[in-house]
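Single-structure report; data block below.
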Amino acid sequence: MYYDFKLKIKRKDLTLIGEGIAELLKGVESHGSLRQAAVQMNMSYSQAWQLIKLAEDAFGKPLIERQIGGKEGGGSSLTLHAEDLLIRFKAMENDAENCLKNLFEKHFQDLLD
């Protein structure tokens with residue numbers, strides 16, 4: 001027996017950040033490219049771009065800085081706002097996981113034995 005949860009921060013019905021957007025932002029951070037982050041997630045570039053654009057519009061701030069290609073090629077990097085957002089999201093996710101673990105044990109311990 002186990003529990004499962006997925007944290008999403010929403011405004012009305014719009015997900016501002018959740019597991020998918022967080023993973024996409026982490027991918028941009030590690031690959032330096034939204035396209036490569038999308039490939040890593042088996043997602044089309046247009047879908048990745050749409051998710052980022054929706055989140056940027058919802059927050060009213062850019063999450064990704066884009067460098068146009070050329071001889072050196074283009075790329076993407078996270079803005080300070082996106083870096084802060086990821087830190088906050090991960091911290092809240094960890095706190096929620098710890099609370100849920102304690103509640104699960106409190107309410108279901110007798111069924112786990």
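All residue names refer to the structure tokens as shown: chains lettered A, B, ... in order, residues numbered from 1 in each chain, ligands numbered from 1 in order.
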Problem - Near-range 62-78 of chain A list (8 Å; only C-alpha atoms; drop same-chain fewer than 6 positions) as a PyMOL selection string - result: chain A and resi 25+28-29+32-34+52+55-56
Store the residues picked out above in a file with N, CA and C atoms, as a compact mmCIF listing (two decimals), in the first residue's frame.
```txt
# COMPACT_ATOMS: atom_id res chain seq x y z
N LEU A 25 11.83 23.04 -17.32
CA LEU A 25 12.77 24.10 -16.93
C LEU A 25 14.12 23.51 -16.51
N VAL A 28 16.01 22.66 -19.62
CA VAL A 28 16.60 23.85 -20.24
C VAL A 28 17.87 24.23 -19.49
N GLU A 29 17.80 24.15 -18.17
CA GLU A 29 18.96 24.48 -17.34
C GLU A 29 20.14 23.56 -17.64
N GLY A 32 20.72 23.71 -21.89
CA GLY A 32 20.91 25.02 -22.53
C GLY A 32 20.06 25.17 -23.77
N SER A 33 18.97 24.39 -23.84
CA SER A 33 18.14 24.39 -25.04
C SER A 33 16.74 23.90 -24.70
N LEU A 34 15.74 24.67 -25.11
CA LEU A 34 14.36 24.24 -24.93
C LEU A 34 14.08 23.03 -25.83
N ILE A 52 5.74 26.75 -21.80
CA ILE A 52 6.55 27.84 -21.27
C ILE A 52 5.83 29.17 -21.46
N ALA A 55 2.99 29.59 -18.98
CA ALA A 55 3.51 29.88 -17.65
C ALA A 55 4.05 31.30 -17.58
N GLU A 56 4.76 31.73 -18.60
CA GLU A 56 5.29 33.11 -18.62
C GLU A 56 4.15 34.12 -18.59
```
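Secondary structure of chain A, strand (DSSP E) only (DSSP, backbone atoms): Lys8, Ile9, Lys10, Arg11, Leu14, Thr15, Leu16, Ile17, Gly18, Ile64, Glu65, Arg66, Gln67, Gly75, Ser76, Ser77 and Leu78 of chain A.
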Handout entry: 9 Å contact set for Leu54 in chain A, only C-alpha atoms, chain neighbours under 6 positions out, as a list in words
Key = Leu14, Thr15 and Leu16 of chain A
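We find CA of Asp4 in chain A and CA of Gln109 in chain A to be spaced 16.1 Å apart.
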Handout entry: Pick from A:Gly27, A:Lys6, A:Ala37, A:Ala82 nearest to Glu97 in chain A, counting only C-alpha atoms
Key =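 Smallest distance to Glu97 in chain A is found for A:Lys6.
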Handout entry: Filtered DSSP result for range 20-57 of chain A, state alpha helix (DSSP H), as number ranges by chain
Key = A: 20-31, 34-40, 45-57
Go ahead and save the picked residues with N, CA and C atoms, as a compact mmCIF listing (two decimals), in the first residue's frame.
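Okay, result-v9.txt is ready:
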```txt
# COMPACT_ATOMS: atom_id res chain seq x y z
N GLY A 20 5.57 18.67 -14.81
CA GLY A 20 6.00 18.76 -16.21
C GLY A 20 6.76 20.03 -16.52
N ILE A 21 6.21 21.17 -16.11
CA ILE A 21 6.89 22.44 -16.37
C ILE A 21 8.21 22.51 -15.61
N ALA A 22 8.21 22.00 -14.37
CA ALA A 22 9.46 21.98 -13.60
C ALA A 22 10.51 21.13 -14.30
N GLU A 23 10.11 19.96 -14.81
CA GLU A 23 11.06 19.10 -15.52
C GLU A 23 11.57 19.78 -16.79
N LEU A 24 10.68 20.46 -17.48
CA LEU A 24 11.07 21.17 -18.70
C LEU A 24 12.08 22.27 -18.38
N LEU A 25 11.83 23.04 -17.32
CA LEU A 25 12.77 24.10 -16.93
C LEU A 25 14.12 23.51 -16.51
N LYS A 26 14.09 22.40 -15.78
CA LYS A 26 15.35 21.75 -15.39
C LYS A 26 16.11 21.27 -16.63
N GLY A 27 15.37 20.79 -17.61
CA GLY A 27 16.00 20.35 -18.86
C GLY A 27 16.67 21.50 -19.60
N VAL A 28 16.01 22.66 -19.62
CA VAL A 28 16.60 23.85 -20.24
C VAL A 28 17.87 24.23 -19.49
N GLU A 29 17.80 24.15 -18.17
CA GLU A 29 18.96 24.48 -17.34
C GLU A 29 20.14 23.56 -17.64
N SER A 30 19.87 22.27 -17.78
CA SER A 30 20.97 21.33 -17.98
C SER A 30 21.44 21.25 -19.43
N HIS A 31 20.54 21.42 -20.39
CA HIS A 31 20.92 21.29 -21.81
C HIS A 31 21.21 22.62 -22.49
N LEU A 34 15.74 24.67 -25.11
CA LEU A 34 14.36 24.24 -24.93
C LEU A 34 14.08 23.03 -25.83
N ARG A 35 14.63 23.05 -27.02
CA ARG A 35 14.42 21.93 -27.95
C ARG A 35 14.98 20.63 -27.36
N GLN A 36 16.18 20.68 -26.81
CA GLN A 36 16.77 19.48 -26.22
C GLN A 36 16.01 19.02 -24.97
N ALA A 37 15.51 19.99 -24.19
CA ALA A 37 14.71 19.65 -23.01
C ALA A 37 13.43 18.94 -23.45
N ALA A 38 12.82 19.41 -24.53
CA ALA A 38 11.60 18.79 -25.06
C ALA A 38 11.89 17.38 -25.55
N VAL A 39 12.98 17.20 -26.28
CA VAL A 39 13.36 15.88 -26.78
C VAL A 39 13.55 14.92 -25.62
N GLN A 40 14.22 15.37 -24.58
CA GLN A 40 14.46 14.54 -23.40
C GLN A 40 13.15 14.06 -22.78
N TYR A 45 8.65 20.27 -29.70
CA TYR A 45 9.16 21.60 -29.39
C TYR A 45 8.00 22.58 -29.26
N SER A 46 7.00 22.47 -30.15
CA SER A 46 5.88 23.40 -30.10
C SER A 46 5.08 23.23 -28.81
N GLN A 47 4.93 22.02 -28.33
CA GLN A 47 4.23 21.78 -27.06
C GLN A 47 5.03 22.37 -25.90
N ALA A 48 6.34 22.17 -25.92
CA ALA A 48 7.20 22.72 -24.87
C ALA A 48 7.13 24.25 -24.87
N TRP A 49 7.21 24.82 -26.06
CA TRP A 49 7.14 26.28 -26.20
C TRP A 49 5.80 26.80 -25.68
N GLN A 50 4.72 26.08 -25.98
CA GLN A 50 3.39 26.49 -25.53
C GLN A 50 3.29 26.45 -24.00
N LEU A 51 3.82 25.40 -23.37
CA LEU A 51 3.80 25.31 -21.90
C LEU A 51 4.57 26.47 -21.26
N ILE A 52 5.74 26.75 -21.80
CA ILE A 52 6.55 27.84 -21.27
C ILE A 52 5.83 29.17 -21.46
N LYS A 53 5.27 29.39 -22.63
CA LYS A 53 4.58 30.64 -22.94
C LYS A 53 3.38 30.83 -22.00
N LEU A 54 2.60 29.78 -21.77
CA LEU A 54 1.46 29.88 -20.85
C LEU A 54 1.92 30.24 -19.44
N ALA A 55 2.99 29.59 -18.98
CA ALA A 55 3.51 29.88 -17.65
C ALA A 55 4.05 31.30 -17.58
N GLU A 56 4.76 31.73 -18.60
CA GLU A 56 5.29 33.11 -18.62
C GLU A 56 4.15 34.12 -18.59
N ASP A 57 3.11 33.87 -19.38
CA ASP A 57 1.96 34.78 -19.40
C ASP A 57 1.27 34.82 -18.03
```
Exercise for the section: Could you jot down the CA of Leu80 in chain A to CA of Lys61 in chain A separation for me, Å, one decimal place? Expected result: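 It comes out at 10.2 Å.
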Handout entry: Atom-to-atom span, CA of Ala96 in chain A and CA of Leu7 in chain A, Å
Key = 8.3 Å
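Take the candidates A:Ala58, A:Ile17, A:Leu111, A:Ala91 and check each one against Tyr2 in chain A using only C-alpha atoms; the shortest distance goes to A:Leu111.
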